[in-house]
Every structure is written in structure tokens, then in C-alpha cells.
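S.K.: structure04.tsv is reproduced in full below (TSV, C-alpha atoms and all ligand atoms).
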```
chain	number	residue	atom	x	y	z
Y	1	MET	CA	38.67	5.77	-1.43
Y	2	THR	CA	40.17	6.90	1.89
Y	3	PRO	CA	39.12	4.87	4.97
Y	4	ILE	CA	35.82	6.01	6.50
Y	5	ALA	CA	36.24	7.77	9.86
Y	6	PHE	CA	33.37	7.99	12.34
Y	7	MET	CA	34.32	11.64	12.81
Y	8	ASP	CA	37.21	13.51	11.22
Y	9	LEU	CA	38.66	16.62	12.86
Y	10	LYS	CA	41.97	16.54	10.97
Y	11	THR	CA	40.78	17.48	7.47
Y	12	GLN	CA	39.23	20.68	8.76
Y	13	ALA	CA	42.34	21.40	10.87
Y	14	LYS	CA	44.55	21.17	7.77
Y	15	ARG	CA	42.19	23.42	5.84
Y	16	ILE	CA	42.32	26.29	8.36
Y	17	LYS	CA	45.79	25.72	9.82
Y	18	SER	CA	47.46	28.90	8.56
Y	19	GLN	CA	44.62	31.20	9.75
Y	20	VAL	CA	44.50	29.45	13.14
Y	21	SER	CA	48.25	29.78	13.55
Y	22	ALA	CA	48.10	33.49	12.74
Y	23	ARG	CA	45.32	34.12	15.30
Y	24	ILE	CA	47.10	32.11	18.02
Y	25	GLU	CA	50.29	34.04	17.21
Y	26	ALA	CA	48.34	37.27	17.79
Y	27	VAL	CA	47.32	36.09	21.28
Y	28	LEU	CA	50.96	35.28	22.09
Y	29	GLU	CA	51.87	38.80	20.92
Y	30	HIS	CA	49.31	40.71	23.02
Y	31	GLY	CA	49.65	38.36	26.00
Y	32	ALA	CA	46.08	38.67	27.35
Y	33	TYR	CA	45.63	34.90	27.70
Y	34	ILE	CA	42.52	35.41	29.83
Y	35	ASN	CA	39.83	37.87	28.72
Y	36	GLY	CA	41.78	39.01	25.67
Y	37	PRO	CA	40.03	40.92	22.88
Y	38	GLU	CA	39.16	37.60	21.18
Y	39	ILE	CA	36.56	36.88	23.89
Y	40	GLY	CA	34.50	40.00	23.15
Y	41	GLU	CA	34.98	39.49	19.42
Y	42	LEU	CA	33.73	35.89	19.63
Y	43	GLU	CA	30.78	36.84	21.83
Y	44	ALA	CA	29.75	39.57	19.36
Y	45	ALA	CA	30.08	37.18	16.41
Y	46	LEU	CA	27.99	34.52	18.17
Y	47	THR	CA	25.35	37.08	19.12
Y	48	ARG	CA	25.09	38.04	15.43
Y	49	LEU	CA	25.00	34.38	14.33
Y	50	THR	CA	22.25	33.36	16.76
Y	51	GLY	CA	20.20	36.52	17.20
Y	52	ALA	CA	20.49	36.12	20.99
Y	53	GLY	CA	20.25	39.18	23.25
Y	54	ALA	CA	23.77	38.54	24.57
Y	55	THR	CA	26.43	35.83	24.58
Y	56	VAL	CA	28.53	34.77	27.59
Y	57	ALA	CA	31.53	32.65	26.52
Y	58	CYS	CA	32.54	30.12	29.17
Y	59	SER	CA	34.76	27.15	29.97
Y	60	SER	CA	32.62	24.19	28.78
Y	61	GLY	CA	29.16	23.06	27.82
Y	62	THR	CA	28.71	21.74	31.35
Y	63	ASP	CA	29.54	25.15	32.86
Y	64	ALA	CA	27.22	26.73	30.29
Y	65	LEU	CA	24.46	24.79	32.11
Y	66	VAL	CA	25.75	25.21	35.68
Y	67	ILE	CA	26.13	29.02	35.39
Y	68	PRO	CA	22.49	29.71	34.40
Y	69	LEU	CA	21.27	27.22	37.05
Y	70	LEU	CA	23.21	29.22	39.66
Y	71	ALA	CA	21.85	32.47	38.17
Y	72	TYR	CA	18.30	31.15	38.58
Y	73	GLY	CA	19.11	30.43	42.23
Y	74	VAL	CA	18.42	26.68	42.23
Y	75	GLN	CA	18.05	25.39	45.82
Y	76	PRO	CA	18.51	21.88	47.38
Y	77	ARG	CA	14.81	20.90	47.14
Y	78	ASP	CA	14.29	22.32	43.66
Y	79	ALA	CA	13.34	19.88	40.90
Y	80	VAL	CA	14.81	20.52	37.47
Y	81	PHE	CA	13.23	18.39	34.73
Y	82	VAL	CA	15.66	16.86	32.22
Y	83	PRO	CA	15.40	14.13	29.59
Y	84	ALA	CA	17.11	10.83	30.45
Y	85	PHE	CA	17.98	10.32	26.79
Y	86	THR	CA	21.02	12.65	26.72
Y	87	TYR	CA	24.68	12.94	27.67
Y	88	ASN	CA	25.33	12.70	31.42
Y	89	ALA	CA	26.44	16.38	31.63
Y	90	THR	CA	22.81	17.55	31.49
Y	91	ALA	CA	21.94	15.83	34.78
Y	92	ASN	CA	25.37	16.43	36.34
Y	93	ALA	CA	24.88	20.18	35.92
Y	94	VAL	CA	21.65	20.11	37.94
Y	95	LEU	CA	23.32	18.25	40.83
Y	96	LEU	CA	26.47	20.41	40.70
Y	97	ALA	CA	24.28	23.51	40.97
Y	98	GLY	CA	22.56	22.00	44.03
Y	99	GLY	CA	19.24	20.96	42.51
Y	100	VAL	CA	17.59	17.58	41.94
Y	101	PRO	CA	17.16	16.13	38.42
Y	102	VAL	CA	13.75	14.65	37.59
Y	103	PHE	CA	13.82	12.56	34.42
Y	104	VAL	CA	11.40	12.94	31.52
Y	105	ASP	CA	10.87	10.58	28.59
Y	106	VAL	CA	11.36	11.54	24.96
Y	107	ASP	CA	9.21	11.56	21.85
Y	108	PRO	CA	9.64	8.37	19.75
Y	109	ASN	CA	9.93	10.35	16.50
Y	110	THR	CA	12.08	13.40	17.33
Y	111	PHE	CA	13.93	11.78	20.31
Y	112	ASN	CA	13.51	15.13	22.13
Y	113	MET	CA	11.72	15.84	25.42
Y	114	ASP	CA	8.05	14.79	25.38
Y	115	ALA	CA	6.07	17.81	26.61
Y	116	GLY	CA	3.15	15.58	27.63
Y	117	HIS	CA	5.33	13.43	29.87
Y	118	LEU	CA	6.98	16.61	31.19
Y	119	ALA	CA	3.56	17.82	32.38
Y	120	ASP	CA	2.93	14.39	34.00
Y	121	GLN	CA	6.27	14.48	35.84
Y	122	ILE	CA	5.62	18.02	37.11
Y	123	ALA	CA	2.21	16.89	38.39
Y	124	GLY	CA	3.85	13.86	40.06
Y	125	VAL	CA	6.47	15.99	41.84
Y	126	THR	CA	3.80	18.44	42.99
Y	127	ARG	CA	1.61	15.60	44.31
Y	128	ALA	CA	4.53	13.95	46.18
Y	129	GLY	CA	5.25	17.29	47.87
Y	130	LYS	CA	8.95	16.65	48.58
Y	131	LEU	CA	10.45	18.79	45.86
Y	132	LYS	CA	9.47	22.13	44.36
Y	133	PRO	CA	9.31	22.27	40.53
Y	134	LYS	CA	11.76	25.01	39.54
Y	135	GLY	CA	12.93	24.62	35.96
Y	136	ILE	CA	13.39	22.58	32.80
Y	137	ILE	CA	16.45	21.75	30.73
Y	138	ALA	CA	15.39	20.55	27.29
Y	139	VAL	CA	18.07	18.96	25.11
Y	140	ASP	CA	18.35	19.46	21.33
Y	141	ILE	CA	19.36	15.87	20.72
Y	142	PHE	CA	21.69	15.10	17.78
Y	143	GLY	CA	21.27	18.76	16.69
Y	144	LEU	CA	17.47	18.97	16.41
Y	145	PRO	CA	15.94	21.83	18.44
Y	146	ALA	CA	13.38	20.64	21.00
Y	147	ASP	CA	9.74	21.80	20.81
Y	148	TYR	CA	10.15	25.05	22.77
Y	149	ASP	CA	6.56	26.15	22.04
Y	150	ALA	CA	5.11	23.11	23.80
Y	151	ILE	CA	7.76	23.09	26.55
Y	152	GLY	CA	7.44	26.86	27.07
Y	153	ALA	CA	3.66	26.53	27.45
Y	154	VAL	CA	4.08	23.88	30.19
Y	155	ALA	CA	6.76	26.03	31.85
Y	156	ALA	CA	4.52	29.11	31.84
Y	157	ARG	CA	1.66	27.20	33.52
Y	158	HIS	CA	3.95	26.24	36.41
Y	159	ASP	CA	6.22	29.30	36.48
Y	160	LEU	CA	9.37	27.30	35.62
Y	161	PHE	CA	12.52	28.50	33.89
Y	162	VAL	CA	13.55	26.92	30.59
Y	163	ILE	CA	17.18	26.31	29.62
Y	164	ALA	CA	17.96	24.83	26.21
Y	165	ASP	CA	20.87	22.38	26.25
Y	166	GLY	CA	22.11	23.22	22.76
Y	167	ALA	CA	25.49	21.49	23.18
Y	168	GLN	CA	24.75	19.51	20.01
Y	169	SER	CA	22.60	22.00	18.12
Y	170	LEU	CA	24.53	25.18	17.36
Y	171	GLY	CA	23.66	25.85	13.71
Y	172	GLY	CA	20.10	24.50	14.06
Y	173	LYS	CA	17.03	26.62	13.38
Y	174	ARG	CA	13.28	26.77	13.72
Y	175	LEU	CA	11.12	28.96	11.47
Y	176	GLY	CA	14.15	31.06	10.56
Y	177	LYS	CA	15.15	31.59	14.21
Y	178	ALA	CA	18.52	30.15	15.22
Y	179	VAL	CA	19.45	27.99	18.20
Y	180	GLY	CA	20.44	30.57	20.80
Y	181	ALA	CA	17.22	32.53	20.25
Y	182	LEU	CA	14.68	29.71	20.69
Y	183	ALA	CA	14.66	29.69	24.52
Y	184	PRO	CA	15.28	32.36	27.19
Y	185	VAL	CA	18.70	30.77	27.91
Y	186	THR	CA	20.65	28.35	25.71
Y	187	ALA	CA	23.85	26.50	26.62
Y	188	THR	CA	26.27	25.27	24.00
Y	189	SER	CA	29.60	23.41	24.00
Y	190	PHE	CA	32.78	23.87	21.98
Y	191	PHE	CA	34.09	20.38	22.79
Y	192	PRO	CA	36.11	19.44	19.67
Y	193	SER	CA	33.50	17.06	18.24
Y	194	LYS	CA	30.53	19.46	18.49
Y	195	THR	CA	29.26	21.37	15.45
Y	196	LEU	CA	31.46	24.35	16.45
Y	197	GLY	CA	34.40	22.73	18.21
Y	198	GLY	CA	37.59	24.30	19.55
Y	199	TYR	CA	41.00	22.76	20.14
Y	200	GLY	CA	40.13	22.02	23.75
Y	201	ASP	CA	37.21	22.75	26.06
Y	202	GLY	CA	34.86	25.70	25.83
Y	203	GLY	CA	31.23	26.73	25.82
Y	204	ALA	CA	28.82	29.64	25.57
Y	205	ILE	CA	25.53	30.80	27.04
Y	206	PHE	CA	23.05	32.66	24.85
Y	207	VAL	CA	20.72	34.86	26.86
Y	208	GLN	CA	17.71	36.86	25.64
Y	209	ASP	CA	17.82	39.36	28.55
Y	210	PRO	CA	21.18	41.25	28.58
Y	211	ALA	CA	20.75	42.19	32.28
Y	212	PHE	CA	20.45	38.50	33.19
Y	213	ALA	CA	23.57	37.85	31.06
Y	214	GLY	CA	25.36	40.32	33.39
Y	215	VAL	CA	24.59	38.05	36.36
Y	216	MET	CA	26.12	35.12	34.46
Y	217	GLN	CA	29.23	37.16	33.56
Y	218	SER	CA	29.76	37.76	37.25
Y	219	ILE	CA	29.24	34.06	38.15
Y	220	ARG	CA	31.74	33.14	35.42
Y	221	TRP	CA	34.34	35.36	37.14
Y	222	HIS	CA	34.12	34.06	40.76
Y	223	GLY	CA	30.95	36.05	41.51
Y	224	THR	CA	32.89	39.29	41.34
Y	225	ASP	CA	31.25	42.65	40.71
Y	226	ASP	CA	33.37	44.58	38.20
Y	227	ALA	CA	32.70	48.03	39.65
Y	228	ARG	CA	32.91	47.19	43.37
Y	229	LYS	CA	35.72	44.62	42.94
Y	230	GLU	CA	34.19	42.33	45.51
Y	231	SER	CA	32.20	39.10	45.67
Y	232	ILE	CA	28.50	39.81	45.39
Y	233	ARG	CA	27.42	36.19	44.84
Y	234	VAL	CA	28.92	32.70	44.81
Y	235	GLY	CA	30.70	32.18	41.53
Y	236	MET	CA	33.30	30.02	39.84
Y	237	ASN	CA	36.13	30.06	37.35
Y	238	GLY	CA	34.00	29.58	34.28
Y	239	ARG	CA	36.08	31.48	31.74
Y	240	LEU	CA	36.96	30.63	28.14
Y	241	ASP	CA	40.65	31.01	27.14
Y	242	SER	CA	41.61	33.71	24.62
Y	243	ILE	CA	43.42	31.06	22.54
Y	244	GLN	CA	40.23	28.97	22.23
Y	245	ALA	CA	38.26	32.06	21.21
Y	246	ALA	CA	40.90	32.80	18.56
Y	247	VAL	CA	40.52	29.25	17.17
Y	248	LEU	CA	36.73	29.45	17.25
Y	249	LEU	CA	36.72	32.78	15.36
Y	250	VAL	CA	38.50	31.07	12.45
Y	251	LYS	CA	36.13	28.10	12.60
Y	252	LEU	CA	33.12	30.44	12.54
Y	253	SER	CA	34.16	31.63	9.08
Y	254	ILE	CA	33.41	28.16	7.64
Y	255	PHE	CA	30.67	27.19	10.10
Y	256	GLU	CA	27.58	27.80	7.97
Y	257	GLU	CA	29.16	26.04	4.99
Y	258	GLU	CA	29.83	23.00	7.22
Y	259	ILE	CA	26.27	22.98	8.57
Y	260	ALA	CA	24.99	22.99	4.97
Y	261	ARG	CA	27.30	20.07	4.10
Y	262	ARG	CA	26.15	18.18	7.23
Y	263	ASN	CA	22.55	18.58	6.07
Y	264	ALA	CA	23.42	17.45	2.51
Y	265	ILE	CA	25.08	14.28	3.85
Y	266	ALA	CA	22.12	13.63	6.15
Y	267	ALA	CA	19.77	13.98	3.16
Y	268	GLN	CA	21.83	11.42	1.23
Y	269	TYR	CA	21.70	9.00	4.20
Y	270	GLU	CA	17.94	9.54	4.53
Y	271	ALA	CA	17.31	8.91	0.83
Y	272	GLY	CA	19.33	5.67	1.04
Y	273	LEU	CA	17.83	4.35	4.27
Y	274	ARG	CA	14.20	5.54	4.26
Y	275	GLY	CA	11.83	2.61	4.61
Y	276	LEU	CA	14.62	0.32	5.87
Y	277	ALA	CA	15.69	2.07	9.05
Y	278	GLY	CA	13.85	4.42	11.41
Y	279	LEU	CA	15.11	8.02	11.10
Y	280	GLN	CA	14.96	11.01	13.43
Y	281	ASP	CA	11.90	13.03	12.39
Y	282	ILE	CA	12.85	16.63	11.56
Y	283	PRO	CA	9.45	18.37	11.84
Y	284	VAL	CA	8.36	20.92	9.23
Y	285	GLY	CA	9.96	24.31	9.92
Y	286	TYR	CA	12.96	22.84	11.77
Y	287	GLN	CA	16.57	22.62	10.61
Y	288	SER	CA	18.84	20.28	12.55
Y	289	ALA	CA	22.49	21.20	13.07
Y	290	ARG	CA	23.16	17.49	12.36
Y	291	ALA	CA	25.74	16.85	15.05
Y	292	LEU	CA	25.35	13.11	14.47
Y	293	PHE	CA	23.38	10.88	12.11
Y	294	VAL	CA	21.52	8.06	13.80
Y	295	ALA	CA	19.46	5.19	12.40
Y	296	LEU	CA	16.89	3.15	14.30
Y	297	LEU	CA	17.61	-0.50	13.46
Y	298	PRO	CA	15.69	-3.63	14.46
Y	299	LYS	CA	18.88	-5.74	14.76
Y	300	ARG	CA	21.22	-2.98	15.77
Y	301	ASP	CA	24.07	-5.02	17.21
Y	302	ARG	CA	24.15	-7.34	14.22
Y	303	VAL	CA	24.28	-4.37	11.83
Y	304	GLN	CA	27.07	-2.79	13.88
Y	305	ALA	CA	29.11	-6.02	13.72
Y	306	ALA	CA	28.56	-6.32	9.95
Y	307	LEU	CA	29.72	-2.70	9.44
Y	308	LYS	CA	32.79	-3.34	11.57
Y	309	GLU	CA	33.74	-6.30	9.39
Y	310	LYS	CA	33.81	-3.94	6.41
Y	311	GLY	CA	35.94	-1.43	8.31
Y	312	ILE	CA	33.07	1.00	8.89
Y	313	PRO	CA	32.98	2.46	12.42
Y	314	SER	CA	29.73	3.24	14.25
Y	315	VAL	CA	28.80	4.25	17.80
Y	316	VAL	CA	25.78	3.56	20.02
Y	317	TYR	CA	24.15	6.75	21.41
Y	318	TYR	CA	22.84	6.45	24.17
Y	319	ALA	CA	22.79	2.80	25.17
Y	320	LYS	CA	21.80	3.39	28.78
Y	321	GLN	CA	19.43	6.16	29.83
Y	322	LEU	CA	20.58	8.42	32.67
Y	323	HIS	CA	18.00	7.16	35.19
Y	324	LEU	CA	19.73	3.75	34.96
Y	325	HIS	CA	23.29	5.02	35.61
Y	326	ASP	CA	24.74	4.49	39.10
Y	327	ALA	CA	25.22	8.23	39.66
Y	328	PHE	CA	21.58	9.08	38.94
Y	329	LYS	CA	19.63	5.95	39.97
Y	330	ALA	CA	18.48	7.57	43.19
Y	331	TYR	CA	16.64	10.28	41.24
Y	332	GLY	CA	14.79	7.99	38.82
Y	333	ALA	CA	12.11	5.31	38.99
Y	334	GLY	CA	14.18	2.44	37.56
Y	335	PRO	CA	13.96	0.25	34.45
Y	336	GLY	CA	10.71	0.56	32.53
Y	337	SER	CA	9.89	4.02	33.89
Y	338	LEU	CA	10.92	5.83	30.69
Y	339	PRO	CA	9.98	3.26	28.03
Y	340	VAL	CA	10.49	5.35	24.89
Y	341	GLY	CA	14.09	6.34	25.63
Y	342	GLU	CA	14.89	2.86	26.94
Y	343	GLU	CA	13.69	1.33	23.66
Y	344	LEU	CA	15.71	3.86	21.60
Y	345	GLY	CA	18.78	2.80	23.58
Y	346	THR	CA	18.45	-0.74	22.25
Y	347	ARG	CA	17.98	0.26	18.59
Y	348	LEU	CA	19.85	3.46	17.72
Y	349	LEU	CA	23.17	3.44	15.91
Y	350	ALA	CA	25.18	6.53	14.92
Y	351	LEU	CA	26.77	6.16	11.48
Y	352	PRO	CA	30.02	7.79	10.30
Y	353	PHE	CA	29.28	11.49	9.99
Y	354	HIS	CA	31.31	14.67	9.49
Y	355	PRO	CA	31.25	17.53	6.98
Y	356	TYR	CA	34.30	16.23	5.08
Y	357	MET	CA	32.77	12.86	4.09
Y	358	SER	CA	32.49	12.39	0.32
Y	359	ASP	CA	29.24	11.37	-1.40
Y	360	GLU	CA	31.04	8.15	-2.33
Y	361	GLN	CA	31.83	7.36	1.32
Y	362	VAL	CA	28.21	7.97	2.35
Y	363	ALA	CA	27.06	5.64	-0.45
Y	364	VAL	CA	29.41	2.92	0.80
Y	365	VAL	CA	27.98	3.17	4.33
Y	366	VAL	CA	24.39	3.16	3.00
Y	367	ASP	CA	25.08	0.01	0.94
Y	368	ALA	CA	26.70	-1.71	3.93
Y	369	VAL	CA	23.74	-0.89	6.20
Y	370	ARG	CA	21.24	-2.06	3.57
Y	371	ALA	CA	23.14	-5.32	3.12
Y	372	ALA	CA	23.25	-5.91	6.89
Y	373	ILE	CA	19.57	-5.30	7.65
J	1	LIG	C1	28.64	17.58	25.03
J	1	LIG	C2	27.42	17.79	25.79
J	1	LIG	C3	27.41	18.50	27.00
J	1	LIG	C4	28.66	18.89	27.74
J	1	LIG	O1	29.55	19.70	27.07
J	1	LIG	P1	31.09	19.77	27.61
J	1	LIG	O2	31.64	20.90	26.80
J	1	LIG	O3	31.72	18.46	27.32
J	1	LIG	O4	31.04	20.10	29.05
J	1	LIG	C5	26.20	18.77	27.60
J	1	LIG	N1	25.04	18.35	27.06
J	1	LIG	C6	25.01	17.64	25.91
J	1	LIG	C7	23.68	17.22	25.35
J	1	LIG	C8	26.20	17.33	25.25
J	1	LIG	O5	26.14	16.61	24.10
```
Translate the structure of the given file into C-alpha cells.
Ligand SMILES: *Cc1c(COP(=O)(O)O)cnc(C)c1O

M.R.:
Amino acid sequence: MTPIAFMDLKTQAKRIKSQVSARIEAVLEHGAYINGPEIGELEAALTRLTGAGATVACSSGTDALVIPLLAYGVQPRDAVFVPAFTYNATANAVLLAGGVPVFVDVDPNTFNMDAGHLADQIAGVTRAGKLKPKGIIAVDIFGLPADYDAIGAVAARHDLFVIADGAQSLGGKRLGKAVGALAPVTATSFFPSKTLGGYGDGGAIFVQDPAFAGVMQSIRWHGTDDARKESIRVGMNGRLDSIQAAVLLVKLSIFEEEIARRNAIAAQYEAGLRGLAGLQDIPVGYQSARALFVALLPKRDRVQAALKEKGIPSVVYYAKQLHLHDAFKAYGAGPGSLPVGEELGTRLLALPFHPYMSDEQVAVVVDAVRAAI
């Protein structure tokens, strides 16, 4: 058996190498390194894949959050509600766009934003009177779409915007609707390790309202208006490279097959670990994109050490919640304020997971975890 990698990007790269080379060659031939025909082609393909109203390709998952925040006109005293159990980019984006992150706890079963605690935090901000509730960024953690019905209902009561941070969830679904069409605006990332990863940085914004997508296209290109050729708003360089779009177009041709394989591996892990380890609850009607596979373990650090002894890599996601990081402490209420996420941070372990793992490799990891518990 080949050694077990936590994540393997090389097997896929070998598989598609000749097609990728041909598409990159085509970019070198036409020479439109920025805004080449691959950008429009990728955006159209992603719009078809997701059922979004429009797709705006951009430079990273972080910029895919910053651009919509700028489009919504976030101001210095605006509160944007984000989970603390996520990657730091979610909260960074709010601060980069000039808003203030307010942290929300997660559900102990799905690990996604708890709509009840969201409502409490909105009430708290309103009572304190310093900040104005403006919007919500819900994260689809580990690939599982958040509960946009419940979050959307809270948002509607308070007239807040909702952005889905789908950096981990492209390929996920709910009731037949794909990530990209589950919220008014969805951000995704093409960082190499995401479910659709490029050979470098990239991202995309899925927007239901095509006119609003036009605002984001202008922000992506320095706030320029195409017809008037002048700045009509503050913008940035938020563009995706033609070469990355060319790579992603090849990867899209095997994307759905890989998502299916991710789900098959996750099912094998679940069958082997159910009853022994806590597992992320995938509610009825939901399909996770399965960016990562995590297990909730009582003696997490001991299990991780035992796996390491057998040459099996694993990673802790997310050990420390954002409200406890130096950069974000000032915006949170300290240790104990978000108990569910804080507890998950002490018990979750991500196991080796990628679409090119064999059934045999998954079985080896399952046996090692079972032996270590
Ligand atoms: C990866 C990630 C991002 C940031 O994406 P980049 O492309 O690295 O900027 C944002 N949010 C979440 C939840 C992520 O996992």
C-alpha cells in the first residue's frame, strides 16, 4: 500500500496533466493573460454548475468575501456576524472591508452557525447601541452548507444581508439546489486544497441578482465603469488570471466525479467510526462537498499521537476559535463566550482525506483510530 497522505494533489495533477498543458499553451498563444476568454468560459461553466444568477471570478476566496462586503457598502460602525469556528479569512474580510466582526457560536451537531445564537448576538449589539447590525457571513464548514432557511429568516427580521462563505463547500447541495444558489451571494475559493482548487490562488462570487454582480465586476477591476472608463466607486485588483481559469476548466471536467468519491470515502469512514467517534451531522436533504473529514474524539491528542506512530497524518481544525486570536480578541468576549466552538476545538481531528484515497487506505485509518480510542 502506498503511504497515506493527509491530502494528495499530485495524483490528480498527473491524471489531467496533458489537458492542463494544452489549455495553458492556448493562453500563451493568445496572450490575454488577464481577462482572456477562459475567464468568461469559466464563469459560464460555474453558473451552469451552481444555478447561480451570475458568477464573478476573482483573485481569492478572501477577495470573494471582501468584494461583496464593499458592494453592500459596509461602514466603520457596521456589525457583520460571523462564526468564530472558521478559518481566519472570514473575519479578516470584514475588517478589510471596514466593518466590525461580531462572533457567533456554532451548532454542536453540524458545526455551522447557530441561528438561535445569531439572533441573541444581533439583539445584544442592538441593545449596546454602539454598532449597527448590517449583515451575516455564514460559513459552510468542512463542506456542509449552513442552514440558510433559519439564517435567512433571522436576516429578514433585521434587514441584514447574507453572504455564504462557501470556500469549503463548492459541490455541496441542499434539496437539489447547489452551493452558489443557496444564498443571495456566495463566496468560494480555488486555493489548491479546496474542492475545486487551481494551481495558485483564485476565487469566485456567485450572485443571484445579475445587476448586483455588475457592481462586483466593477469593484474587481479597480472600481472602473466599462462604458465611461472612469472610477465610479472604490475598487481593487481582484481579478483571476487567465492561466488559473484554464486550469480550473480542466478540473471542472472531473469535479462531480471527485465530489462523489469524496462522499463515498466519507461514508466508509462514517460506517467504521459511528458509535466510537462523534461525526458531523449531515441533515436530511443536505449533501456535503466533503472538503475535509473530521471526527470528534474524547482523547483527541492521544489518538493523533497514536496515528502519527503508525505513519498516519492528521490535522486539528480549528484548535483556537477566532475570538481568542490576537488579531480578533478586541471584537470578542473572551474565553467561555462561545462554548460550543471552544469545545469542538479541543476534540476535533481531521483524518487523511482526498478523492484519490483507496478503500484499503481508508480501512487502515479506521482501524488505527479504533485501536487508539
Ligand atoms: C480557504 C478559506 C477562505 C479563504 O480563501 P483564500 O482563497 O485562501 O483567500 C475563506 N473562508 C474559509 C472558510 C476558507 O476555508

S.K.: Could you check which of Y:Thr110, Y:Ala57, Y:Ala22, Y:Phe85 is closest to Y:Pro283, using all atoms listed in the file?

M.R.: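 The shortest atom-to-atom distance to Y:Pro283 comes from Y:Thr110.
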
S.K.: Quick one: residues within 7 Å of stretch 299-301 of chain Y, only C-alpha atoms, excluding same-chain residues fewer than 5 positions away - as number ranges by chain?

M.R.: Y: 347-349

S.K.: Show me, as a short mmCIF file (atom, residue, chain, number, x, y, z; two decimals) with C-alpha atoms, in the frame of the given file, the residues that have an atom within 8 Å of Y:Asp209 when counting only C-alpha atoms, minus same-chain residues fewer than 2 positions from it.

M.R.:
```cif
data_model
loop_
_atom_site.label_atom_id
_atom_site.label_comp_id
_atom_site.auth_asym_id
_atom_site.auth_seq_id
_atom_site.Cartn_x
_atom_site.Cartn_y
_atom_site.Cartn_z
CA GLY Y 53 20.25 39.18 23.25
CA ALA Y 54 23.77 38.54 24.57
CA PRO Y 184 15.28 32.36 27.19
CA VAL Y 207 20.72 34.86 26.86
CA ALA Y 211 20.75 42.19 32.28
CA PHE Y 212 20.45 38.50 33.19
CA ALA Y 213 23.57 37.85 31.06
#
```

S.K.: Show me which residues line ligand LIG 1 (chain J), defined as having an atom within 6 Å of a ligand atom where only C-alpha atoms and all ligand atoms count, and present them as a PyMOL selection string.

M.R.: chain Y and resi 60-62+86-87+89-90+139+165+167-168+189-191+201-203

S.K.: Would you save the residues of that selection, restricted to C-alpha atoms, as a PDB file, in the coordinates of the input?

M.R.:
```pdb
ATOM      1  CA  SER Y  60      32.620  24.190  28.780  1.00  0.00           C
ATOM      2  CA  GLY Y  61      29.160  23.060  27.820  1.00  0.00           C
ATOM      3  CA  THR Y  62      28.710  21.740  31.350  1.00  0.00           C
ATOM      4  CA  THR Y  86      21.020  12.650  26.720  1.00  0.00           C
ATOM      5  CA  TYR Y  87      24.680  12.940  27.670  1.00  0.00           C
ATOM      6  CA  ALA Y  89      26.440  16.380  31.630  1.00  0.00           C
ATOM      7  CA  THR Y  90      22.810  17.550  31.490  1.00  0.00           C
ATOM      8  CA  VAL Y 139      18.070  18.960  25.110  1.00  0.00           C
ATOM      9  CA  ASP Y 165      20.870  22.380  26.250  1.00  0.00           C
ATOM     10  CA  ALA Y 167      25.490  21.490  23.180  1.00  0.00           C
ATOM     11  CA  GLN Y 168      24.750  19.510  20.010  1.00  0.00           C
ATOM     12  CA  SER Y 189      29.600  23.410  24.000  1.00  0.00           C
ATOM     13  CA  PHE Y 190      32.780  23.870  21.980  1.00  0.00           C
ATOM     14  CA  PHE Y 191      34.090  20.380  22.790  1.00  0.00           C
ATOM     15  CA  ASP Y 201      37.210  22.750  26.060  1.00  0.00           C
ATOM     16  CA  GLY Y 202      34.860  25.700  25.830  1.00  0.00           C
ATOM     17  CA  GLY Y 203      31.230  26.730  25.820  1.00  0.00           C
TER      18      GLY Y 203
END
```

S.K.: Identify, on the basis of all atoms listed in the file, every residue whose closest approach to Y:Gly223 does not exceed 10 Å; exclude the query and any residue fewer than 4 positions from it along the same chain; express the result as a PDB file with C-alpha atoms, in the frame of the given file.

M.R.:
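Result went into result_20.pdb, see below:
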```
ATOM      1  CA  VAL Y 215      24.590  38.050  36.360  1.00  0.00           C
ATOM      2  CA  MET Y 216      26.120  35.120  34.460  1.00  0.00           C
ATOM      3  CA  GLN Y 217      29.230  37.160  33.560  1.00  0.00           C
ATOM      4  CA  SER Y 218      29.760  37.760  37.250  1.00  0.00           C
ATOM      5  CA  ILE Y 219      29.240  34.060  38.150  1.00  0.00           C
ATOM      6  CA  LYS Y 229      35.720  44.620  42.940  1.00  0.00           C
ATOM      7  CA  GLU Y 230      34.190  42.330  45.510  1.00  0.00           C
ATOM      8  CA  SER Y 231      32.200  39.100  45.670  1.00  0.00           C
ATOM      9  CA  ILE Y 232      28.500  39.810  45.390  1.00  0.00           C
ATOM     10  CA  ARG Y 233      27.420  36.190  44.840  1.00  0.00           C
ATOM     11  CA  VAL Y 234      28.920  32.700  44.810  1.00  0.00           C
ATOM     12  CA  GLY Y 235      30.700  32.180  41.530  1.00  0.00           C
ATOM     13  CA  MET Y 236      33.300  30.020  39.840  1.00  0.00           C
ATOM     14  CA  ASN Y 237      36.130  30.060  37.350  1.00  0.00           C
TER      15      ASN Y 237
END
```

S.K.: Would you kindly return, as an MDAnalysis selection string, each protein, DNA or RNA residue with an atom no farther than 7 Å from any atom of stretch 310-313 of chain Y, considering only C-alpha atoms and excluding same-chain residues fewer than 3 positions away?

M.R.: chainID Y and resid 4:6 306:307 352

S.K.: Within 10 Å of (11.4, 30.5, 31.4) (coordinates as in the file), grab all the protein and nucleic acid residues, counting only C-alpha atoms, and write them out as a list in words.

M.R.: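 Here the neighbourhood of the point contains Tyr72, Lys134, Gly135, Ile136, Ile151, Gly152, Ala153, Val154, Ala155, Ala156, His158, Asp159, Leu160, Phe161, Val162, Ile163, Ala183, Pro184 and Val185 of chain Y.
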
S.K.: Within 7 Å of Y:Ala115, counting only C-alpha atoms, which residues qualify if same-chain residues fewer than 3 places away don't, as a PyMOL selection string?

M.R.: chain Y and resi 118-119+150-151

S.K.: Atom CA of Y:Val316 to atom CA of Y:Met1: how many Å, to one decimal?

M.R.: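 Answer for the atom CA of Y:Val316 to atom CA of Y:Met1 separation: 25.1 Å.
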
S.K.: Could you check which of Y:Ala45, Y:Ala305, Y:Val104, Y:Ala26 is closest to Y:Leu322, using all atoms listed in the file?

M.R.: Y:Val104

S.K.: How far is it from atom CA of Y:Val362 to atom CA of Y:Glu257, in Å with one decimal?

M.R.: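 According to the coordinates, atom CA of Y:Val362 and atom CA of Y:Glu257 are separated by 18.3 Å.
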
S.K.: Counting all atoms listed in the file, find residues at most 8 Å from (27.9, 17.5, 7.3) (file frame) and give them as a ChimeraX atom specification.

M.R.: /Y:258-266,290,353-357
